file protein.csv (CSV, C-alpha atoms)
chain,number,residue,atom,x,y,z
A,68,MET,CA,107.9,83.5,118.0
A,69,ARG,CA,108.9,83.9,114.3
A,70,LEU,CA,108.7,80.8,112.2
A,71,GLU,CA,111.0,82.3,109.6
A,72,ARG,CA,114.2,83.6,110.9
A,73,GLY,CA,115.7,84.5,107.4
A,74,ARG,CA,116.4,88.1,106.6
A,75,ILE,CA,116.2,89.8,103.2
A,76,SER,CA,117.0,93.3,102.0
A,77,SER,CA,114.5,95.9,100.7
A,78,CYS,CA,116.2,95.5,97.3
A,79,GLN,CA,115.5,91.8,97.3
A,80,LEU,CA,111.9,92.5,98.2
A,81,LEU,CA,111.6,94.8,95.2
A,82,LEU,CA,113.0,92.2,92.9
A,83,LEU,CA,110.7,89.5,94.3
A,84,ILE,CA,107.6,91.6,93.8
A,85,TRP,CA,108.7,92.7,90.4
A,86,SER,CA,109.3,89.1,89.2
A,87,PHE,CA,106.0,88.0,91.0
A,88,ILE,CA,104.0,90.5,88.9
A,89,GLU,CA,105.9,89.4,85.7
A,90,GLY,CA,104.7,85.9,86.4
A,91,SER,CA,101.2,87.0,85.4
A,92,ALA,CA,102.3,88.1,81.9
A,93,PRO,CA,100.3,85.2,80.3
A,94,LEU,CA,97.2,86.9,81.7
A,95,ILE,CA,97.5,89.5,78.9
A,96,GLY,CA,96.2,86.8,76.6
A,97,PHE,CA,93.1,86.4,78.9
A,98,ILE,CA,92.0,90.1,78.5
A,99,THR,CA,92.8,90.6,74.8
A,100,PRO,CA,89.4,89.1,73.7
A,101,ILE,CA,87.7,91.6,76.0
A,102,ALA,CA,89.9,94.8,75.7
A,103,ARG,CA,91.2,94.0,72.2
A,104,GLN,CA,93.6,96.8,71.0
A,105,ASP,CA,93.1,98.6,74.3
A,106,ALA,CA,94.7,95.8,76.4
A,107,TRP,CA,97.7,98.0,77.1
A,108,LEU,CA,95.4,100.8,78.4
A,109,ALA,CA,93.8,98.2,80.8
A,110,VAL,CA,97.2,97.4,82.2
A,111,LEU,CA,97.9,101.1,82.8
A,112,ALA,CA,94.5,101.6,84.4
A,113,ALA,CA,94.9,98.5,86.6
A,114,ALA,CA,98.3,99.8,87.9
A,115,ALA,CA,96.7,103.2,88.7
A,116,VAL,CA,93.9,101.6,90.5
A,117,MET,CA,96.2,99.3,92.5
A,118,ALA,CA,98.7,102.1,93.5
A,119,PRO,CA,96.7,103.3,96.6
A,120,PHE,CA,96.1,99.7,97.7
A,121,MET,CA,99.8,98.9,97.3
A,122,TYR,CA,100.5,102.0,99.4
A,123,LEU,CA,98.1,100.7,102.1
A,124,TYR,CA,99.8,97.3,102.0
A,125,ALA,CA,103.2,99.0,102.6
A,126,LEU,CA,101.7,101.1,105.4
A,127,LEU,CA,100.5,98.0,107.1
A,128,ALA,CA,103.9,96.4,106.8
A,129,SER,CA,105.5,99.5,108.3
A,130,LYS,CA,103.0,100.0,111.1
A,131,PHE,CA,103.1,96.3,112.1
A,132,ALA,CA,106.9,96.0,111.6
A,133,GLY,CA,108.1,92.4,112.3
A,134,LEU,CA,104.6,90.9,112.0
A,135,ASN,CA,103.3,88.8,109.1
A,136,LEU,CA,99.8,88.9,107.7
A,137,VAL,CA,98.4,86.3,110.1
A,138,GLN,CA,99.8,88.1,113.1
A,139,ILE,CA,98.5,91.4,111.8
A,140,SER,CA,95.0,89.9,111.4
A,141,HIS,CA,95.0,88.7,115.0
A,142,CYS,CA,96.0,92.2,116.2
A,143,VAL,CA,93.3,93.9,114.2
A,144,TYR,CA,90.4,91.5,114.4
A,145,GLY,CA,91.2,89.6,117.6
A,146,PRO,CA,91.7,85.8,118.1
A,147,VAL,CA,88.5,84.6,116.5
A,148,GLY,CA,88.2,87.2,113.7
A,149,GLY,CA,91.9,87.0,113.0
A,150,ALA,CA,91.7,83.2,112.6
A,151,MET,CA,88.8,83.5,110.2
A,152,ALA,CA,90.6,86.1,108.2
A,153,SER,CA,93.7,84.0,108.1
A,154,ILE,CA,91.8,81.0,106.8
A,155,LEU,CA,90.5,83.1,104.0
A,156,TYR,CA,94.0,84.3,103.1
A,157,ILE,CA,95.4,80.8,103.2
A,158,PHE,CA,92.5,79.5,101.0
A,159,CYS,CA,93.2,82.4,98.5
A,160,PHE,CA,96.9,81.6,98.3
A,161,PHE,CA,96.2,77.9,98.0
A,162,MET,CA,93.8,78.3,95.1
A,163,THR,CA,95.9,80.9,93.3
A,164,LEU,CA,98.9,78.5,93.6
A,165,SER,CA,96.9,75.7,92.1
A,166,PHE,CA,95.8,77.8,89.1
A,167,ASN,CA,99.3,79.0,88.4
A,168,LEU,CA,100.7,75.5,88.6
A,169,ARG,CA,98.1,74.5,86.1
A,170,ASP,CA,99.2,77.3,83.8
A,171,LEU,CA,102.7,76.0,83.9
A,172,GLY,CA,101.5,72.5,83.0
A,173,VAL,CA,99.3,73.8,80.2
A,174,LEU,CA,102.2,75.9,78.8
A,175,TYR,CA,104.4,72.9,78.2
A,176,ALA,CA,101.7,70.3,77.4
A,177,THR,CA,100.1,72.6,74.8
A,178,HIS,CA,103.0,74.4,73.2
A,179,PHE,CA,106.3,72.5,73.6
A,180,MET,CA,105.9,68.9,74.6
A,181,LEU,CA,102.5,67.9,73.3
A,182,ASP,CA,102.9,64.1,73.9
A,183,THR,CA,103.7,64.4,77.6
A,184,PRO,CA,100.7,64.5,80.0
A,185,GLN,CA,100.1,67.8,81.8
A,186,ILE,CA,100.3,66.1,85.2
A,187,VAL,CA,103.9,65.3,84.7
A,188,PHE,CA,104.9,69.0,84.4
A,189,VAL,CA,102.6,69.9,87.4
A,190,ILE,CA,104.4,67.3,89.6
A,191,ILE,CA,107.9,68.4,88.4
A,192,PHE,CA,107.2,72.1,89.1
A,193,THR,CA,105.5,71.4,92.4
A,194,ALA,CA,108.5,69.4,93.5
A,195,ALA,CA,110.8,72.2,92.4
A,196,CYS,CA,108.8,74.8,94.3
A,197,ALA,CA,108.7,72.6,97.4
A,198,GLY,CA,112.5,72.4,97.3
A,199,ALA,CA,112.8,76.2,97.0
A,200,VAL,CA,110.3,76.7,99.8
A,201,SER,CA,112.1,74.3,102.1
A,202,GLY,CA,115.2,76.4,101.8
A,203,GLY,CA,113.4,79.5,103.2
A,204,ILE,CA,112.8,83.0,102.0
A,205,GLU,CA,116.5,83.8,101.8
A,206,ILE,CA,117.0,81.3,99.0
A,207,LEU,CA,114.2,82.8,96.9
A,208,ALA,CA,115.5,86.3,97.7
A,209,GLN,CA,119.1,85.4,96.6
A,210,LEU,CA,117.7,84.1,93.3
A,211,SER,CA,115.4,87.1,92.7
A,212,LEU,CA,118.0,89.0,90.6
A,213,PHE,CA,118.3,86.0,88.3
A,214,PHE,CA,114.6,85.8,87.9
A,215,VAL,CA,114.2,89.5,87.1
A,216,LEU,CA,117.1,89.5,84.7
A,217,THR,CA,115.8,86.4,82.8
A,218,THR,CA,112.2,87.5,82.5
A,219,THR,CA,113.0,91.1,81.6
A,220,SER,CA,115.6,90.1,79.1
A,221,VAL,CA,113.1,87.8,77.4
A,222,VAL,CA,110.5,90.6,77.2
A,223,LEU,CA,112.8,93.2,75.9
A,224,GLY,CA,114.8,90.9,73.7
A,225,THR,CA,111.8,89.5,71.9
A,226,SER,CA,110.3,93.0,71.6
A,227,LEU,CA,113.4,94.2,69.8
A,228,LEU,CA,113.6,91.2,67.5
A,229,LEU,CA,110.0,91.9,66.5
A,230,VAL,CA,110.3,95.6,65.7
A,231,ASP,CA,110.2,94.9,62.0
A,232,ASN,CA,106.9,93.0,62.4
A,233,MET,CA,105.2,95.8,64.4
A,234,ASP,CA,102.4,97.9,62.9
A,235,PHE,CA,101.3,100.6,65.3
A,236,SER,CA,98.1,101.2,63.4
A,237,HIS,CA,96.9,98.0,65.2
A,238,PHE,CA,96.3,100.3,68.2
A,239,LEU,CA,93.6,102.3,66.4
A,240,PRO,CA,91.0,103.2,67.1
A,241,ILE,CA,91.7,104.0,70.7
A,242,PHE,CA,88.9,103.8,73.3
A,243,GLU,CA,86.6,102.0,70.9
A,244,VAL,CA,86.1,99.2,73.4
A,245,PRO,CA,82.8,99.4,75.3
A,246,THR,CA,83.2,100.9,78.7
A,247,LYS,CA,81.9,97.8,80.5
A,248,ASP,CA,84.5,95.6,78.7
A,249,PHE,CA,87.3,98.0,79.5
A,250,ILE,CA,86.3,98.1,83.2
A,251,HIS,CA,86.0,94.3,83.1
A,252,SER,CA,89.5,93.9,81.7
A,253,THR,CA,90.9,96.5,84.1
A,254,HIS,CA,89.3,94.6,87.0
A,255,ILE,CA,90.9,91.3,85.9
A,256,MET,CA,94.4,92.9,85.7
A,257,THR,CA,93.9,94.7,89.0
A,258,VAL,CA,92.9,91.6,91.0
A,259,ILE,CA,95.2,88.9,89.5
A,260,PRO,CA,98.6,90.3,88.9
A,261,PHE,CA,98.6,93.3,91.3
A,262,ALA,CA,96.3,92.6,94.2
A,263,GLU,CA,97.9,89.2,94.7
A,264,THR,CA,101.0,91.1,96.0
A,265,LEU,CA,99.1,91.1,99.4
A,266,ALA,CA,101.0,87.8,99.8
A,267,PHE,CA,104.1,89.8,100.5
A,268,LEU,CA,102.7,91.0,103.8
A,269,MET,CA,103.8,87.5,104.9
A,270,ILE,CA,107.3,88.2,103.7
A,271,ALA,CA,107.7,91.9,104.7
A,272,ALA,CA,108.4,90.9,108.3
A,273,SER,CA,111.7,89.4,107.1
A,274,VAL,CA,112.9,92.6,105.6
A,275,GLY,CA,115.8,94.1,107.5
A,276,ASP,CA,115.4,97.8,106.7
A,277,LYS,CA,111.7,98.5,107.5
A,278,ARG,CA,112.1,102.2,106.7
A,279,ASN,CA,112.3,101.6,103.0
A,280,ILE,CA,109.3,99.2,102.6
A,281,THR,CA,106.9,101.8,101.3
A,282,GLY,CA,109.1,103.1,98.6
A,283,THR,CA,110.3,99.6,97.7
A,284,MET,CA,106.8,98.2,97.2
A,285,MET,CA,105.7,101.2,95.1
A,286,LEU,CA,108.7,100.9,92.9
A,287,ALA,CA,108.1,97.2,92.5
A,288,LEU,CA,104.5,97.9,91.3
A,289,LEU,CA,105.9,100.5,88.8
A,290,PHE,CA,108.5,98.1,87.4
A,291,GLY,CA,106.1,95.1,87.3
A,292,ALA,CA,103.4,97.2,85.5
A,293,ALA,CA,106.0,98.4,83.0
A,294,SER,CA,107.0,94.9,82.2
A,295,LEU,CA,103.3,93.9,81.6
A,296,LEU,CA,102.8,97.0,79.5
A,297,VAL,CA,105.7,96.1,77.2
A,298,VAL,CA,104.2,92.7,76.7
A,299,ALA,CA,100.7,94.1,75.9
A,300,VAL,CA,102.2,96.7,73.5
A,301,ARG,CA,104.4,94.1,71.8
A,302,ASN,CA,101.5,91.6,71.3
A,303,THR,CA,99.1,94.2,69.9
A,304,ALA,CA,101.7,95.8,67.6
A,305,VAL,CA,102.7,92.5,66.1
A,306,LEU,CA,99.5,90.5,66.0
A,307,GLY,CA,96.7,93.2,65.9
A,308,SER,CA,93.2,91.9,66.2
A,309,VAL,CA,94.4,88.3,65.5
A,310,GLN,CA,95.6,88.0,69.1
A,311,THR,CA,92.0,87.9,70.3
A,312,ILE,CA,91.6,84.4,69.0
A,313,MET,CA,95.0,83.0,70.2
A,314,GLU,CA,95.5,81.1,73.4
A,315,SER,CA,99.0,82.6,73.9
A,316,PRO,CA,99.6,85.8,71.9
A,317,ALA,CA,103.2,86.1,73.3
A,318,ILE,CA,104.2,82.7,72.0
A,319,GLU,CA,102.6,83.2,68.6
A,320,ALA,CA,104.3,86.6,68.3
A,321,ALA,CA,107.7,85.1,69.1
A,322,ARG,CA,107.2,82.5,66.3
A,323,LEU,CA,107.3,85.3,63.8
A,324,ILE,CA,110.9,86.2,64.7
A,325,ASP,CA,113.1,85.7,61.7
A,326,VAL,CA,116.5,87.3,61.6
A,327,ALA,CA,118.5,86.3,58.5
A,328,LYS,CA,116.9,82.8,58.6
A,329,VAL,CA,119.1,82.1,61.6
A,330,LEU,CA,117.1,83.3,64.6
A,331,THR,CA,113.7,81.7,64.0
A,332,ARG,CA,111.0,79.9,66.1
A,333,MET,CA,112.1,81.9,69.2
A,334,ASP,CA,109.0,80.9,71.0
A,335,ILE,CA,111.2,78.9,73.3
A,336,LEU,CA,112.4,82.2,74.8
A,337,ILE,CA,108.9,83.0,75.8
A,338,GLY,CA,108.6,79.5,77.4
A,339,ILE,CA,111.8,80.1,79.4
A,340,GLY,CA,110.7,83.5,80.5
A,341,GLN,CA,107.2,82.4,81.5
A,342,SER,CA,108.6,79.3,83.3
A,343,VAL,CA,111.1,81.3,85.4
A,344,ALA,CA,108.5,84.0,86.3
A,345,LEU,CA,105.8,81.4,87.1
A,346,PHE,CA,108.3,79.3,89.1
A,347,LEU,CA,109.0,82.4,91.3
A,348,LYS,CA,105.4,83.3,91.6
A,349,CYS,CA,104.4,79.7,92.6
A,350,SER,CA,107.3,79.4,95.0
A,351,VAL,CA,106.2,82.6,96.8
A,352,LEU,CA,102.6,81.6,97.0
A,353,TYR,CA,103.6,78.1,98.2
A,354,TYR,CA,105.9,79.7,100.8
A,355,VAL,CA,103.3,82.2,102.2
A,356,ALA,CA,100.6,79.6,102.2
A,357,VAL,CA,102.5,77.0,104.3
A,358,LEU,CA,104.0,79.8,106.5
A,359,ALA,CA,100.5,81.2,107.2
A,360,LEU,CA,99.1,77.8,107.9
A,361,ALA,CA,101.9,77.0,110.3
A,362,GLU,CA,101.4,80.3,112.0
A,363,LEU,CA,97.7,79.7,112.4
A,364,LEU,CA,98.3,76.2,113.8
A,365,ARG,CA,101.0,77.5,116.1
A,366,LEU,CA,103.7,75.2,114.8
A,367,ARG,CA,107.4,75.7,115.5
A,368,THR,CA,108.3,75.4,111.8
A,369,TYR,CA,106.4,75.2,108.5
A,370,LEU,CA,108.7,72.4,107.1
A,371,PRO,CA,106.4,69.5,108.0
A,372,LEU,CA,103.6,71.0,105.9
A,373,VAL,CA,105.6,71.4,102.7
A,374,ILE,CA,105.3,67.9,101.3
A,375,PRO,CA,101.6,67.2,102.2
A,376,PHE,CA,100.7,70.6,101.0
A,377,GLY,CA,102.4,70.1,97.7
A,378,MET,CA,100.7,66.7,97.1
A,379,ILE,CA,97.3,68.3,97.7
A,380,VAL,CA,97.9,71.4,95.5
A,381,ALA,CA,99.4,69.3,92.7
A,382,ASN,CA,96.3,67.1,92.5
A,383,LEU,CA,94.0,70.1,92.6
A,384,ALA,CA,96.0,71.9,89.9
A,385,HIS,CA,95.5,68.9,87.6
A,386,PHE,CA,91.9,68.2,88.3
A,387,VAL,CA,90.4,71.7,89.1
A,388,TYR,CA,89.3,72.3,85.5
A,389,PRO,CA,88.3,69.7,82.9
A,390,THR,CA,89.5,71.8,80.0
A,391,GLU,CA,91.4,75.0,79.3
A,392,VAL,CA,88.2,76.6,78.0
A,393,ASP,CA,86.6,76.2,81.5
A,394,HIS,CA,89.8,77.6,83.1
A,395,LEU,CA,89.6,80.7,80.9
A,396,ALA,CA,85.9,81.3,81.3
A,397,THR,CA,86.1,80.9,85.1
A,398,THR,CA,89.1,83.1,85.5
A,399,VAL,CA,87.7,86.1,83.6
A,400,ASN,CA,84.2,85.8,85.0
A,401,THR,CA,84.4,84.2,88.5
A,402,CYS,CA,87.9,84.1,89.9
A,403,VAL,CA,88.2,87.8,89.7
A,404,ILE,CA,85.1,88.4,91.8
A,405,PHE,CA,85.4,86.2,94.9
A,406,PRO,CA,89.0,87.3,95.9
A,407,VAL,CA,88.0,91.0,96.1
A,408,PRO,CA,86.9,91.0,99.7
A,409,ILE,CA,90.0,89.0,100.7
A,410,LEU,CA,92.7,90.9,98.7
A,411,PHE,CA,91.5,94.4,99.2
call {"tool": "encode", "arguments": {"input": "protein.csv", "output": "C-alpha cells"}}
result
Amino acid sequence: MRLERGRISSCQLLLLIWSFIEGSAPLIGFITPIARQDAWLAVLAAAAVMAPFMYLYALLASKFAGLNLVQISHCVYGPVGGAMASILYIFCFFMTLSFNLRDLGVLYATHFMLDTPQIVFVIIFTAACAGAVSGGIEILAQLSLFFVLTTTSVVLGTSLLLVDNMDFSHFLPIFEVPTKDFIHSTHIMTVIPFAETLAFLMIAASVGDKRNITGTMMLALLFGAASLLVVAVRNTAVLGSVQTIMESPAIEAARLIDVAKVLTRMDILIGIGQSVALFLKCSVLYYVAVLALAELLRLRTYLPLVIPFGMIVANLAHFVYPTEVDHLATTVNTCVIFPVPILF
C-alpha cells in the first residue's frame, strides 16, 4: 500500500532536483579555503563523478517503478537487511536535514538579524517545512517552478550586476592547488550537493511518466551543477583569494553591487535566494525522512510523525554544534566520509 497517493510529472521532478541541488550553493564557501581559485573546477569534477551514480539512481527508479527507496531495499536485501538499510537512510536524511536547518538559522542570525537568537529562525523554518510536508509531495511539486525561478534569477541577476567587479585573472594560475586538496574539495561537492539526491528515490514512485525518469534526473543534475558553477565562478571572479577567509563569499560579493548609487547592498537578494532553495531542500529531506519512517513502521500515513519529528530535528539543529567553526570543520572533514557507504 502506498502511503503517498500524490502524483507529479517528470518535469516537476526535474525542477525539484534542480532546486534541491541549488540549496547547497552556500557549500561553495566551504570548499574555497581548500580549492581556492579552482573551486569552479571542483564543481565540474564533482558533477562528472556523480553522473554515473545519478544514472544508477535513475535505473533503480525505472526498474522498481512504483516503489520507493525503503521498498526497494526490502526487495534487494530482504526483510532484515532492508530494514537495516532503511534505518541508515532515515538517519542520513534526518542528520542532513538538521544541518541544513542550522545553516538557515546561521544565515539570518549572522548576516541579517544579528540580535535575534538562531533558535528562533530554526523553529520558524522547521514549522514552515512541516506545513509544506503535511500537504504532500504535490504541494512541493506545484511550487517547484517558483523555487527554481527565484533561485536562478538571484544567481544570474547578481552575477550580471557584478560584471564590472569581475577580474578573471583571479582564476590564475589554474591547477596550482595540490592534488589531495582538489580531490578533497571534489569529494565534498560530490557527497553533499549531488549524492544527497538519493532522497528522490523516495519521490520517484510518485512520478506519473516512469519512462522519462532517467533523462529527467540526468538533466536535473546538469542544470543544478550549472547553477553551482555560476556561483563558484562569480565568487572567484569578484573576490579572488579574499573569498578563502570569508564565511559567505556570495553575500560579501553581493555587497559590492553598486549601480548608480541606487542598487546597493544587494546581499538581501542572496539571502532570499538561499532561503528559498534551502526551504525546498529541507522540505524534501523532511518529507522523505517521515515517509521512509512511516513505511518502515508500516503506518497508514506519515502525518502523525510530522510534528514530533520536527520538534526533534529542530532541537538537534540548534544544539548539534557549539559554534559555526565546529560545524565547518566537521562538515569538510567528517560528514563527507560517513555518508559515502549510505549514499553510493
call {"tool": "closest_atom_pairs", "arguments": {"input": "protein.csv", "of": "range 272-377 of chain A", "to": "range 230-249 of chain A", "cutoff": "10 Å", "atoms": "all atoms listed in the file", "output": "tab-separated table"}}
result
residue	atom	partner	partner_atom	distance
A:Val300	CA	A:Phe238	CA	8.7
A:Arg301	CA	A:Met233	CA	7.6
A:Asn302	CA	A:Met233	CA	8.9
A:Thr303	CA	A:His237	CA	6.4
A:Ala304	CA	A:Met233	CA	4.7
A:Val305	CA	A:Met233	CA	4.5
A:Leu306	CA	A:Met233	CA	7.9
A:Gly307	CA	A:His237	CA	4.9
A:Ser308	CA	A:His237	CA	7.2
A:Ala320	CA	A:Asn232	CA	9.1
A:Leu323	CA	A:Asn232	CA	7.8
A:Ile324	CA	A:Asn232	CA	8.2
A:Asp325	CA	A:Asn232	CA	9.6
A:Val326	CA	A:Asp231	CA	9.9
call {"tool": "closest_residue", "arguments": {"input": "protein.csv", "among": "A:Val343, A:Ala272, A:Ile259, A:Met284", "to": "Thr401 in chain A", "atoms": "all atoms listed in the file"}}
result
A:Ile259
call {"tool": "closest_residue", "arguments": {"input": "protein.csv", "among": "A:Gly96, A:Gly133, A:Pro408, A:Gly149", "to": "Asp276 in chain A", "atoms": "only C-alpha atoms"}}
result
A:Gly133
call {"tool": "closest_residue", "arguments": {"input": "protein.csv", "among": "A:Gln341, A:Thr390, A:Asn382, A:Thr99", "to": "Val221 in chain A", "atoms": "all atoms listed in the file"}}
result
A:Gln341
call {"tool": "closest_residue", "arguments": {"input": "protein.csv", "among": "A:Phe346, A:Phe166, A:Tyr122, A:Phe261", "to": "Cys196 in chain A", "atoms": "all atoms listed in the file"}}
result
A:Phe346
call {"tool": "residues_around", "arguments": {"input": "protein.csv", "residues": "Val187 in chain A", "least_positions_apart": "2", "cutoff": "12 Å", "atoms": "all atoms listed in the file", "output": "PyMOL selection string"}}
result
chain A and resi 168-169+171-173+175-176+180-185+189-194+381-382+384-385
call {"tool": "write_last_selection", "arguments": {"input": "protein.csv", "atoms": "C-alpha atoms", "output": "mmCIF file, in the coordinates of the input"}}
result
data_model
loop_
_atom_site.group_PDB
_atom_site.id
_atom_site.type_symbol
_atom_site.label_atom_id
_atom_site.label_comp_id
_atom_site.auth_asym_id
_atom_site.auth_seq_id
_atom_site.Cartn_x
_atom_site.Cartn_y
_atom_site.Cartn_z
ATOM 1 C CA LEU A 168 100.700 75.500 88.600
ATOM 2 C CA ARG A 169 98.100 74.500 86.100
ATOM 3 C CA LEU A 171 102.700 76.000 83.900
ATOM 4 C CA GLY A 172 101.500 72.500 83.000
ATOM 5 C CA VAL A 173 99.300 73.800 80.200
ATOM 6 C CA TYR A 175 104.400 72.900 78.200
ATOM 7 C CA ALA A 176 101.700 70.300 77.400
ATOM 8 C CA MET A 180 105.900 68.900 74.600
ATOM 9 C CA LEU A 181 102.500 67.900 73.300
ATOM 10 C CA ASP A 182 102.900 64.100 73.900
ATOM 11 C CA THR A 183 103.700 64.400 77.600
ATOM 12 C CA PRO A 184 100.700 64.500 80.000
ATOM 13 C CA GLN A 185 100.100 67.800 81.800
ATOM 14 C CA VAL A 189 102.600 69.900 87.400
ATOM 15 C CA ILE A 190 104.400 67.300 89.600
ATOM 16 C CA ILE A 191 107.900 68.400 88.400
ATOM 17 C CA PHE A 192 107.200 72.100 89.100
ATOM 18 C CA THR A 193 105.500 71.400 92.400
ATOM 19 C CA ALA A 194 108.500 69.400 93.500
ATOM 20 C CA ALA A 381 99.400 69.300 92.700
ATOM 21 C CA ASN A 382 96.300 67.100 92.500
ATOM 22 C CA ALA A 384 96.000 71.900 89.900
ATOM 23 C CA HIS A 385 95.500 68.900 87.600
#
call {"tool": "closest_residue", "arguments": {"input": "protein.csv", "among": "A:Met151, A:Leu82, A:Val200, A:Leu383", "to": "Thr218 in chain A", "atoms": "all atoms listed in the file"}}
result
A:Leu82
call {"tool": "closest_residue", "arguments": {"input": "protein.csv", "among": "A:Ser129, A:Gln104, A:Ser91, A:Ser86", "to": "Lys277 in chain A", "atoms": "all atoms listed in the file"}}
result
A:Ser129
call {"tool": "residues_around", "arguments": {"input": "protein.csv", "residues": "Leu212 in chain A", "least_positions_apart": "3", "cutoff": "9 Å", "atoms": "only C-alpha atoms", "output": "PyMOL selection string"}}
result
chain A and resi 79+82-83+86+208-209+215-217
call {"tool": "atom_distance", "arguments": {"input": "protein.csv", "atom1": "CA of Ser342 in chain A", "atom2": "CA of Thr225 in chain A"}}
result
15.6 Å
call {"tool": "atom_distance", "arguments": {"input": "protein.csv", "atom1": "CA of Phe160 in chain A", "atom2": "CA of Glu314 in chain A"}}
result
24.9 Å
call {"tool": "residues_around", "arguments": {"input": "protein.csv", "residues": "Cys159 in chain A", "least_positions_apart": "3", "cutoff": "8 Å", "atoms": "all atoms listed in the file", "output": "number ranges by chain"}}
result
A: 155-156, 162-163, 406, 409
call {"tool": "write_last_selection", "arguments": {"input": "protein.csv", "atoms": "C-alpha atoms", "output": "JSON list (two decimals), in the coordinates of the input"}}
result
[["chain", "number", "residue", "atom", "x", "y", "z"],
["A", 155, "LEU", "CA", 90.50, 83.10, 104.00],
["A", 156, "TYR", "CA", 94.00, 84.30, 103.10],
["A", 162, "MET", "CA", 93.80, 78.30, 95.10],
["A", 163, "THR", "CA", 95.90, 80.90, 93.30],
["A", 406, "PRO", "CA", 89.00, 87.30, 95.90],
["A", 409, "ILE", "CA", 90.00, 89.00, 100.70]]
call {"tool": "atom_distance", "arguments": {"input": "protein.csv", "atom1": "CA of Pro389 in chain A", "atom2": "CA of Ile186 in chain A"}}
result
12.7 Å
call {"tool": "residues_around", "arguments": {"input": "protein.csv", "residues": "Arg322 in chain A", "least_positions_apart": "4", "cutoff": "12 Å", "atoms": "all atoms listed in the file", "output": "PDB file with C-alpha atoms, in the frame of the given file"}}
result
ATOM      1  CA  HIS A 178     103.000  74.400  73.200  1.00  0.00           C
ATOM      2  CA  THR A 225     111.800  89.500  71.900  1.00  0.00           C
ATOM      3  CA  LEU A 228     113.600  91.200  67.500  1.00  0.00           C
ATOM      4  CA  LEU A 229     110.000  91.900  66.500  1.00  0.00           C
ATOM      5  CA  ASN A 232     106.900  93.000  62.400  1.00  0.00           C
ATOM      6  CA  ASN A 302     101.500  91.600  71.300  1.00  0.00           C
ATOM      7  CA  VAL A 305     102.700  92.500  66.100  1.00  0.00           C
ATOM      8  CA  LEU A 306      99.500  90.500  66.000  1.00  0.00           C
ATOM      9  CA  SER A 315      99.000  82.600  73.900  1.00  0.00           C
ATOM     10  CA  PRO A 316      99.600  85.800  71.900  1.00  0.00           C
ATOM     11  CA  ALA A 317     103.200  86.100  73.300  1.00  0.00           C
ATOM     12  CA  ILE A 318     104.200  82.700  72.000  1.00  0.00           C
ATOM     13  CA  VAL A 326     116.500  87.300  61.600  1.00  0.00           C
ATOM     14  CA  LEU A 330     117.100  83.300  64.600  1.00  0.00           C
ATOM     15  CA  THR A 331     113.700  81.700  64.000  1.00  0.00           C
ATOM     16  CA  ARG A 332     111.000  79.900  66.100  1.00  0.00           C
ATOM     17  CA  MET A 333     112.100  81.900  69.200  1.00  0.00           C
ATOM     18  CA  ASP A 334     109.000  80.900  71.000  1.00  0.00           C
ATOM     19  CA  ILE A 335     111.200  78.900  73.300  1.00  0.00           C
ATOM     20  CA  LEU A 336     112.400  82.200  74.800  1.00  0.00           C
ATOM     21  CA  ILE A 337     108.900  83.000  75.800  1.00  0.00           C
ATOM     22  CA  GLY A 338     108.600  79.500  77.400  1.00  0.00           C
TER      23      GLY A 338
END
call {"tool": "residues_around", "arguments": {"input": "protein.csv", "residues": "range 110-114 of chain A", "least_positions_apart": "4", "cutoff": "10 Å", "atoms": "only C-alpha atoms", "output": "ChimeraX atom specification"}}
result
/A:95,98,105-106,118-119,121,249-250,252-258,260-262,288-289,291-293,295-297,299
